[in-house]
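**Student:** What follows is start.cif, made up of mmCIF, C-alpha atoms:
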data_protein
loop_
_atom_site.label_atom_id
_atom_site.label_comp_id
_atom_site.auth_asym_id
_atom_site.auth_seq_id
_atom_site.Cartn_x
_atom_site.Cartn_y
_atom_site.Cartn_z
CA MET A 8 58.31 16.29 53.42
CA LYS A 9 57.52 15.47 57.02
CA LEU A 10 60.47 16.81 58.95
CA GLY A 11 61.17 16.29 62.62
CA VAL A 12 63.77 18.72 63.93
CA PHE A 13 65.69 18.33 67.16
CA VAL A 14 66.36 21.72 68.73
CA SER A 15 69.18 21.37 71.28
CA ASP A 16 70.15 25.00 71.91
CA PHE A 17 68.27 27.96 73.36
CA GLN A 18 70.07 30.57 71.27
CA LEU A 19 70.07 29.25 67.73
CA SER A 20 73.25 29.93 65.79
CA SER A 21 71.65 29.74 62.38
CA ASP A 22 68.42 30.76 60.68
CA THR A 23 68.03 27.35 59.06
CA LEU A 24 64.80 26.65 60.89
CA GLU A 25 63.32 29.83 59.46
CA ARG A 26 64.19 28.84 55.91
CA VAL A 27 63.48 25.15 55.58
CA LYS A 28 59.94 24.37 54.44
CA ALA A 29 58.13 21.19 55.39
CA ASP A 30 54.60 19.91 54.75
CA LYS A 31 54.64 18.74 58.33
CA LEU A 32 57.15 20.19 60.76
CA GLY A 33 57.77 18.86 64.24
CA LEU A 34 60.06 20.47 66.80
CA ILE A 35 61.52 18.23 69.46
CA PHE A 36 63.16 20.27 72.21
CA VAL A 37 66.06 18.49 73.87
CA GLN A 38 69.03 19.56 76.01
CA ASN A 39 69.11 23.37 76.27
CA GLY A 40 66.38 23.46 73.62
CA VAL A 41 63.88 22.69 76.40
CA TYR A 42 64.13 26.32 77.49
CA HIS A 43 62.09 27.19 74.39
CA ALA A 44 59.33 25.15 75.96
CA ALA A 45 59.77 25.98 79.63
CA SER A 46 61.01 29.54 79.93
CA LYS A 47 60.25 33.04 78.75
CA VAL A 48 62.54 35.93 77.89
CA ASN A 49 61.26 39.22 79.29
CA GLY A 50 57.93 37.53 79.77
CA LYS A 51 57.68 36.42 76.17
CA ALA A 52 57.52 32.79 75.04
CA SER A 53 59.88 31.54 72.34
CA SER A 54 58.81 32.39 68.80
CA LEU A 55 59.53 28.78 67.87
CA LEU A 56 56.32 27.82 69.63
CA ASP A 57 54.42 29.66 66.91
CA LYS A 58 56.09 27.79 64.06
CA THR A 59 54.05 24.61 64.27
CA THR A 60 51.53 22.85 66.44
CA ASN A 61 53.73 19.74 66.61
CA LEU A 62 55.87 20.61 69.61
CA TYR A 63 57.57 18.20 72.00
CA ALA A 64 60.02 18.49 74.87
CA LEU A 65 62.06 15.69 76.37
CA SER A 66 61.08 15.02 79.98
CA ASP A 67 64.56 13.88 81.09
CA ASP A 68 66.10 17.11 79.81
CA ILE A 69 63.43 19.19 81.55
CA GLN A 70 63.85 17.45 84.88
CA ILE A 71 67.66 17.37 84.88
CA ARG A 72 67.54 21.19 84.82
CA GLY A 73 65.32 21.36 87.87
CA LEU A 74 62.32 22.32 85.78
CA LYS A 75 59.00 20.59 86.07
CA ASP A 76 56.75 19.26 83.37
CA ALA A 77 54.21 21.76 84.70
CA ASP A 78 56.57 24.60 83.70
CA VAL A 79 56.21 23.65 80.06
CA ASP A 80 54.08 25.76 77.76
CA LYS A 81 50.67 24.19 77.21
CA ARG A 82 51.29 23.93 73.47
CA VAL A 83 54.20 21.55 74.04
CA LYS A 84 53.80 17.85 74.74
CA VAL A 85 56.26 16.40 77.23
CA VAL A 86 57.71 13.15 75.91
CA SER A 87 60.02 10.33 76.99
CA TYR A 88 62.90 8.87 75.02
CA GLY A 89 60.60 6.04 74.00
CA ASP A 90 58.05 8.56 72.72
CA VAL A 91 60.82 10.26 70.72
CA VAL A 92 61.61 6.94 69.05
CA ASP A 93 57.94 6.59 68.08
CA LEU A 94 57.89 10.14 66.71
CA ILE A 95 60.97 9.39 64.61
CA PHE A 96 59.53 6.25 63.07
CA SER A 97 55.83 7.08 62.90
CA GLU A 98 55.36 10.81 62.45
CA TYR A 99 58.27 12.05 60.35
CA ASP A 100 60.04 10.66 57.31
CA LYS A 101 63.18 12.77 57.80
CA ILE A 102 64.84 13.95 60.96
CA ALA A 103 67.38 16.68 61.54
CA TRP A 104 69.53 17.91 64.41
CA LEU A 105 70.02 21.67 64.48
CA MET B 7 67.32 -1.29 47.24
CA GLY B 8 69.04 0.67 44.47
CA ASP B 9 70.15 4.23 44.90
CA VAL B 10 69.64 6.18 48.12
CA LYS B 11 69.80 9.94 47.75
CA LEU B 12 71.15 12.02 50.62
CA ALA B 13 71.30 15.75 51.27
CA PHE B 14 74.33 16.88 53.27
CA ILE B 15 73.66 20.38 54.58
CA VAL B 16 76.68 22.26 55.91
CA GLN B 17 75.78 25.28 58.02
CA LYS B 18 78.98 25.87 59.98
CA PRO B 19 82.07 27.68 58.66
CA GLN B 20 85.25 25.83 57.80
CA TYR B 21 88.40 25.71 59.93
CA LYS B 22 87.45 26.49 63.52
CA GLY B 23 85.48 23.33 63.98
CA GLU B 24 85.77 19.90 62.42
CA THR B 25 82.16 19.15 61.56
CA SER B 26 81.98 21.21 58.38
CA ARG B 27 85.10 19.53 57.01
CA LEU B 28 83.87 16.08 58.01
CA ALA B 29 80.74 16.75 55.96
CA ILE B 30 82.91 17.06 52.87
CA THR B 31 85.03 13.99 53.56
CA HIS B 32 81.98 11.88 54.46
CA ALA B 33 80.34 12.92 51.20
CA ILE B 34 83.46 12.00 49.24
CA SER B 35 83.36 8.52 50.78
CA TYR B 36 80.34 7.73 48.61
CA GLN B 37 82.92 6.81 46.02
CA THR B 38 84.00 3.69 47.94
CA VAL B 39 80.79 2.68 49.72
CA GLU B 40 79.94 0.14 47.02
CA ILE B 41 82.45 -2.31 48.52
CA LEU B 42 80.06 -2.63 51.48
CA LEU B 43 76.82 -2.76 49.46
CA GLU B 44 75.07 -5.32 47.31
CA ASP B 45 75.48 -5.15 43.53
CA GLY B 46 73.40 -2.33 42.10
CA ASP B 47 73.12 -0.46 45.39
CA THR B 48 74.52 3.05 45.54
CA VAL B 49 74.46 6.14 47.74
CA THR B 50 74.31 9.56 46.11
CA PRO B 51 74.91 12.57 48.33
CA LYS B 52 74.38 16.17 47.33
CA LEU B 53 76.73 18.40 49.31
CA CYS B 54 75.04 21.72 50.09
CA PHE B 55 76.40 24.80 51.85
CA ILE B 56 74.04 27.30 53.47
CA GLY B 57 74.24 30.12 56.00
CA GLU B 58 77.66 30.43 57.60
CA GLY B 59 78.52 27.16 55.88
CA VAL B 60 79.44 29.20 52.80
CA LEU B 61 82.37 30.71 54.73
CA GLY B 62 85.80 29.26 54.16
CA LEU B 63 85.17 27.82 50.72
CA GLU B 64 87.07 30.40 48.66
CA GLY B 65 90.08 29.45 46.58
CA LYS B 66 93.75 30.35 47.16
CA GLN B 67 93.84 28.89 50.69
CA ASN B 68 97.11 28.32 52.51
CA ALA B 69 96.22 25.74 55.13
CA MET B 70 99.16 23.41 54.50
CA GLU B 71 101.73 26.17 54.55
CA LEU B 72 100.37 27.85 57.68
CA TYR B 73 98.90 25.06 59.81
CA GLY B 74 100.17 21.87 58.16
CA ILE B 75 96.73 20.57 57.28
CA THR B 76 94.91 19.90 54.03
CA SER B 77 92.92 22.92 52.92
CA THR B 78 89.18 22.94 52.48
CA GLU B 79 89.90 24.13 48.96
CA SER B 80 91.73 20.88 48.31
CA HIS B 81 88.83 18.85 49.67
CA MET B 82 86.42 20.84 47.52
CA LYS B 83 88.48 20.06 44.45
CA ASN B 84 88.31 16.39 45.41
CA THR B 85 84.51 16.54 45.56
CA LEU B 86 84.53 17.67 41.96
CA LEU B 87 87.05 15.00 40.95
CA VAL B 88 84.74 12.29 42.31
CA ASP B 89 81.79 13.88 40.50
CA LEU B 90 79.81 14.95 43.55
CA ASP B 91 77.05 17.50 43.15
CA VAL B 92 78.10 20.52 45.22
CA LEU B 93 75.48 23.23 45.75
CA ILE B 94 76.31 26.57 47.35
CA CYS B 95 73.55 28.95 48.36
CA LYS B 96 73.55 32.02 46.13
CA GLU B 97 71.72 34.23 48.61
CA ASP B 98 74.20 33.42 51.38
CA LEU B 99 77.23 34.16 49.23
CA ALA B 100 75.65 37.53 48.48
CA LYS B 101 74.81 38.06 52.16
CA TYR B 102 78.45 37.68 53.15
CA GLY B 103 79.75 39.60 50.13
CA ILE B 104 81.57 36.63 48.64
CA SER B 105 82.07 36.65 44.91
CA GLU B 106 80.72 33.61 43.10
CA SER B 107 83.92 33.57 41.07
CA ALA B 108 85.91 33.00 44.28
CA MET B 109 84.60 29.44 44.50
CA PRO B 110 87.28 26.96 43.43
CA ASP B 111 87.16 24.57 40.50
CA ALA B 112 89.31 21.55 39.74
CA GLU B 113 90.05 22.20 36.09
CA ASP B 114 93.78 22.00 36.84
CA MET B 115 93.20 18.43 38.06
CA GLY B 116 91.14 17.49 35.02
CA ALA B 117 87.65 17.69 36.53
CA ASP B 118 84.83 18.85 34.30
CA LYS B 119 82.42 19.05 37.20
CA LYS B 120 81.79 22.54 38.62
CA ILE B 121 80.46 23.84 41.89
CA GLN B 122 76.87 24.98 41.42
CA ILE B 123 75.80 28.32 42.88
CA VAL B 124 72.06 27.97 43.36
CA PRO B 125 69.14 29.73 45.04
CA PHE B 126 68.13 28.30 48.42
CA ALA B 127 65.05 26.88 46.71
CA GLU B 128 67.31 24.41 44.88
CA ILE B 129 68.78 23.24 48.17
CA GLN B 130 65.29 22.88 49.61
CA LYS B 131 64.50 20.71 46.57
CA ALA B 132 67.57 18.57 47.23
CA MET B 133 66.33 18.01 50.79
CA GLU B 134 62.89 17.03 49.56
CA GLU B 135 64.27 14.61 46.99
CA ALA B 136 66.65 12.95 49.45
CA LYS B 137 65.67 9.97 51.56
CA HIS B 138 67.70 11.37 54.45
CA VAL B 139 68.86 14.86 55.36
CA LEU B 140 72.08 15.24 57.33
CA PHE B 141 72.92 18.59 58.91
CA PHE B 142 76.53 19.28 59.76
CA MET C 28 60.32 -2.43 63.25
CA GLY C 29 62.75 -0.11 61.52
CA THR C 30 66.41 0.74 61.34
CA LEU C 31 67.83 3.90 62.88
CA THR C 32 71.37 5.02 62.18
CA ILE C 33 72.82 7.74 64.40
CA GLY C 34 75.89 9.70 63.36
CA CYS C 35 77.41 11.08 66.55
CA PHE C 36 80.21 13.64 66.29
CA PRO C 37 80.34 15.45 69.67
CA GLY C 38 82.80 14.25 72.30
CA LEU C 39 81.91 12.21 75.37
CA VAL C 40 83.46 14.61 77.85
CA GLY C 41 82.31 18.20 77.89
CA ASN C 42 79.14 17.72 75.90
CA MET C 43 75.95 15.91 76.88
CA THR C 44 74.87 15.47 73.28
CA TYR C 45 76.81 12.22 73.27
CA ASP C 46 74.73 11.00 76.25
CA PHE C 47 71.58 11.92 74.33
CA ALA C 48 72.67 9.82 71.35
CA LEU C 49 73.29 6.77 73.52
CA LYS C 50 70.03 7.11 75.44
CA LEU C 51 68.08 7.48 72.20
CA ALA C 52 69.83 4.40 70.81
CA ASP C 53 68.92 2.46 73.93
CA ALA C 54 65.28 3.53 73.74
CA ALA C 55 65.09 2.52 70.07
CA VAL C 56 66.70 -0.91 70.50
CA THR C 57 64.53 -1.56 73.57
CA LYS C 58 61.49 -1.00 71.36
CA GLY C 59 62.81 -3.62 68.95
CA HIS C 60 64.36 -1.40 66.30
CA LYS C 61 67.72 -2.09 64.69
CA VAL C 62 70.21 0.65 65.64
CA ASN C 63 73.62 1.59 64.24
CA ILE C 64 75.90 4.26 65.71
CA TRP C 65 78.73 5.92 63.80
CA PHE C 66 81.31 7.88 65.80
CA SER C 67 83.29 10.57 64.06
CA GLY C 68 85.19 13.65 65.20
CA ASN C 69 85.52 14.03 68.98
CA ALA C 70 83.06 11.20 69.64
CA THR C 71 85.78 8.75 68.64
CA GLY C 72 87.69 9.57 71.82
CA SER C 73 85.07 7.56 73.68
CA VAL C 74 86.03 4.16 72.29
CA LYS C 75 89.14 3.77 74.43
CA ALA C 76 88.71 0.98 76.97
CA HIS C 77 89.16 1.24 80.74
CA GLN C 78 87.79 4.76 81.09
CA LYS C 79 87.82 6.06 84.63
CA HIS C 80 84.38 7.26 85.65
CA LEU C 81 84.68 10.54 87.51
CA LYS C 82 81.24 11.63 88.57
CA ASP C 83 81.58 15.13 87.18
CA TYR C 84 81.92 13.63 83.71
CA SER C 85 79.79 11.39 81.58
CA THR C 86 81.01 7.89 81.00
CA GLY C 87 80.67 5.99 77.77
CA GLU C 88 82.20 2.58 78.21
CA LYS C 89 79.59 0.76 80.27
CA TYR C 90 76.78 2.16 78.12
CA LEU C 91 78.53 1.25 74.88
CA LYS C 92 79.07 -2.30 76.11
CA ALA C 93 75.43 -2.57 77.17
CA LEU C 94 74.26 -1.33 73.75
CA ILE C 95 76.51 -3.80 71.97
CA GLU C 96 75.05 -6.56 74.18
CA LYS C 97 71.60 -5.51 72.98
CA GLY C 98 72.66 -5.82 69.34
CA VAL C 99 73.47 -2.21 68.50
CA GLU C 100 76.26 -1.96 65.94
CA ILE C 101 78.78 0.70 66.90
CA CYS C 102 81.63 1.80 64.67
CA THR C 103 84.30 4.41 65.10
CA CYS C 104 86.01 6.34 62.33
CA GLU C 105 89.48 4.86 62.29
CA ALA C 106 91.20 8.01 61.00
CA CYS C 107 89.51 10.23 63.62
CA THR C 108 90.36 7.74 66.36
CA VAL C 109 94.05 7.22 65.64
CA ALA C 110 94.38 10.99 65.18
CA ARG C 111 93.44 11.21 68.87
CA GLY C 112 96.18 8.81 69.87
CA ILE C 113 93.97 5.77 70.39
CA MET C 114 95.08 2.52 68.81
CA LYS C 115 92.76 -0.33 67.87
CA THR C 116 94.30 -2.58 70.52
CA GLU C 117 93.20 -0.08 73.18
CA GLY C 118 89.59 0.02 72.02
CA ILE C 119 86.48 -1.24 73.75
CA GLU C 120 85.73 -4.79 72.69
CA GLY C 121 82.90 -5.03 70.20
CA VAL C 122 83.27 -1.53 68.79
CA GLN C 123 84.02 -1.76 65.08
CA TRP C 124 86.67 0.34 63.36
CA ASN C 125 86.16 1.37 59.77
CA ALA C 126 86.21 4.26 57.30
CA MET C 127 83.48 6.78 56.56
CA HIS C 128 81.88 4.57 53.94
CA TRP C 129 80.68 2.29 56.80
CA TYR C 130 78.34 5.12 57.81
CA LEU C 131 77.03 5.61 54.30
CA ALA C 132 76.51 1.86 53.89
CA LYS C 133 74.47 1.72 57.09
CA ILE C 134 72.49 4.77 55.98
CA HIS C 135 71.68 2.95 52.74
CA ALA C 136 69.79 0.31 54.72
CA SER C 137 68.21 2.69 57.23
CA ASP C 138 64.65 3.94 57.59
CA ARG C 139 65.75 6.93 59.61
CA VAL C 140 69.05 8.75 60.06
CA LEU C 141 69.92 11.22 62.80
CA GLN C 142 73.13 13.06 62.05
CA ILE C 143 74.35 14.94 65.13
CA GLY C 144 77.15 17.31 64.25
CA GLY C 145 79.87 18.25 66.67
CA GLU C 146 80.97 21.45 68.41
#
Show me the file's structure as C-alpha cells.

**Tutor:**
Amino acid sequence: MKLGVFVSDFQLSSDTLERVKADKLGLIFVQNGVYHAASKVNGKASSLLDKTTNLYALSDDIQIRGLKDADVDKRVKVVSYGDVVDLIFSEYDKIAWL
Amino acid sequence: MGDVKLAFIVQKPQYKGETSRLAITHAISYQTVEILLEDGDTVTPKLCFIGEGVLGLEGKQNAMELYGITSTESHMKNTLLVDLDVLICKEDLAKYGISESAMPDAEDMGADKKIQIVPFAEIQKAMEEAKHVLFF
Amino acid sequence: MGTLTIGCFPGLVGNMTYDFALKLADAAVTKGHKVNIWFSGNATGSVKAHQKHLKDYSTGEKYLKALIEKGVEICTCEACTVARGIMKTEGIEGVQWNAMHWYLAKIHASDRVLQIGGE
C-alpha cells in the first residue's frame, strides 16, 4: 500500500510508525511534527528522516513557530496546504494521522 | 459500489481518553449504516488493537459501579454481538503481560463470535486489504 | 476531482489540530474536491453558535460557515454534542446532526479518509 502518514508530534507516543510496512511511505510533518524536519536533538537529526525519501513539512506550521523554510533539513520538501491536498489524492492511496 | 472494507486501528488505552472508546462505538455503527446507503452497499470495519491500545480491554470491569459509565468490556461484548471482526495484537498483549484468556467474550449474551488474538502481521494485512485506514 | 472525508475528534479550544482539519478542508474544496467533515468527541463543542472570539483562542464558527458556503458537508455527532450541553437549537446553521453511521456512510463514498483522533 501507498501510505501517507501525518506526524503531528515531536515525541511520538507509540511505535506504530516503526511497525507499519508500506510499499511507499510518505511522512507529512505538521504541527509539532515539523520539529522532526527543522530541529536537531543534541546535534542529531530525527531518525524519522531516515525512514523514507518522501518527506514533507507544512510551511504554515513551520512559520507559525518562528522557524524558516531554510531551517528545514534538505531531505524534506516544504509544502503548502494545497500541496498536501495533492499529495493525499495523487501520491498515496491511504492516509493516516499518528 | 458494494462493500468498503475499513481498518480501525486503536493505539491508545481505554478510559483516560475518549478516542479509543469512540473507535469501538464508531465500528459498531456499521450495523446501521445501510439506512444511509444504496441497496447492496455495505461498510465492513475490522477493529484492531495495537500498542497501548490493548490496555483496558480485560474482562471483569466495574465502570458502571465506580464511575457510572458503560464499561469498555460491555462495548467489546457488543462488537461481538454485531459480528464485528475484532483483532488484538498478540505481541502487545505479551509485551504488557496480559493473559489472552483475560479478553472478554459474549457467550453469556449468545454471541458465537470471539475476539481474535493475532500476530501484528495479521493486523498489517487488515490495513492492506482495507480501502481506508483509521487510526484512533 | 475526488472526495475527502475528515473525521475530526480534537476540541476547538486548546488544540490546534482542529484548525488544521479546517484549513485542510478549505484547501481541498478550493481545489474542487468534495469534502465532508465529521465531528466527534471534543470537536462537537465547536458547533454551538455565537462563539465569542477571544484572540488567545481559535475560533470555529466563521470558518465552519465559510466551508458550508463552499459546499463542505459538516456533521456533528449528536450524542457527543448533547453530552456537552449543546442542544440542536443552539447549533450553527447548516451543520448537520446525526449518528456515527453518517461518518461511515460518507466514508463509503470517499476516495480518501483522514481520521484525526482526539487527545

**Student:** Hey, what's within 8 Å of B:Glu24 if we count only C-alpha atoms and toss same-chain stuff fewer than 2 positions away? As a list in words, please?

**Tutor:**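 Here the qualifying residues turn out to be Gln20, Tyr21, Lys22, Ser26, Arg27 and Leu28 of chain B; Gly68, Gly145 and Glu146 of chain C.
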
**Student:** Decode the PyMOL selection byres ((chain B) within 9 of (chain C)) for the given file into explicit residues and return them as an NGL selection string.

**Tutor:** :B and (7-11 or 23-26 or 28 or 31-43 or 47-49 or 137-142)

**Student:** Could you pull the residues within 8 Å of C:Leu51, counting all atoms listed in the file, minus those fewer than 5 positions along the same chain, as a PDB file with C-alpha atoms, keeping the file's coordinate frame?

**Tutor:**
ATOM      1  CA  TYR A  88      62.900   8.870  75.020  1.00  0.00           C
ATOM      2  CA  GLY A  89      60.600   6.040  74.000  1.00  0.00           C
ATOM      3  CA  VAL A  91      60.820  10.260  70.720  1.00  0.00           C
ATOM      4  CA  VAL A  92      61.610   6.940  69.050  1.00  0.00           C
TER       5      VAL A  92
END

**Student:** Neighbours of A:Ser21 within 10 Å (only C-alpha atoms; same-chain residues fewer than 6 positions away dropped), as a ChimeraX atom specification?

**Tutor:** /A:105 /B:17-18,56-59

**Student:** Could you list, as a list in words, the residues of chain A having an atom within 9 Å of chain B when counting all atoms listed in the file?

**Tutor:**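 Within 9 Å of chain B on chain A, we get Met8, Ser21, Asp22, Thr23, Arg26, Val27, Lys28, Ala29, Asp100, Lys101, Ile102, Ala103, Trp104 and Leu105 of chain A.
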
**Student:** Kindly provide, as AutoDock Vina command-line options, the centre and edge lengths (Å, one decimal) of an axis-aligned box around all atoms of stretch 80-88 of chain A given in the file, with 5 Å on each side.

**Tutor:**
--center_x 56.8 --center_y 17.3 --center_z 75.6 --size_x 22.2 --size_y 26.9 --size_z 14.3

**Student:** For the PyMOL selection byres ((chain A) within 12 of (chain C)), applied here, can you spell out every residue it catches as JSON, numbers by chain?

**Tutor:** {"A": [10, 11, 12, 13, 14, 15, 16, 20, 37, 38, 39, 40, 65, 67, 68, 71, 87, 88, 89, 90, 91, 92, 93, 94, 95, 96, 97, 98, 99, 100, 101, 102, 103, 104, 105]}
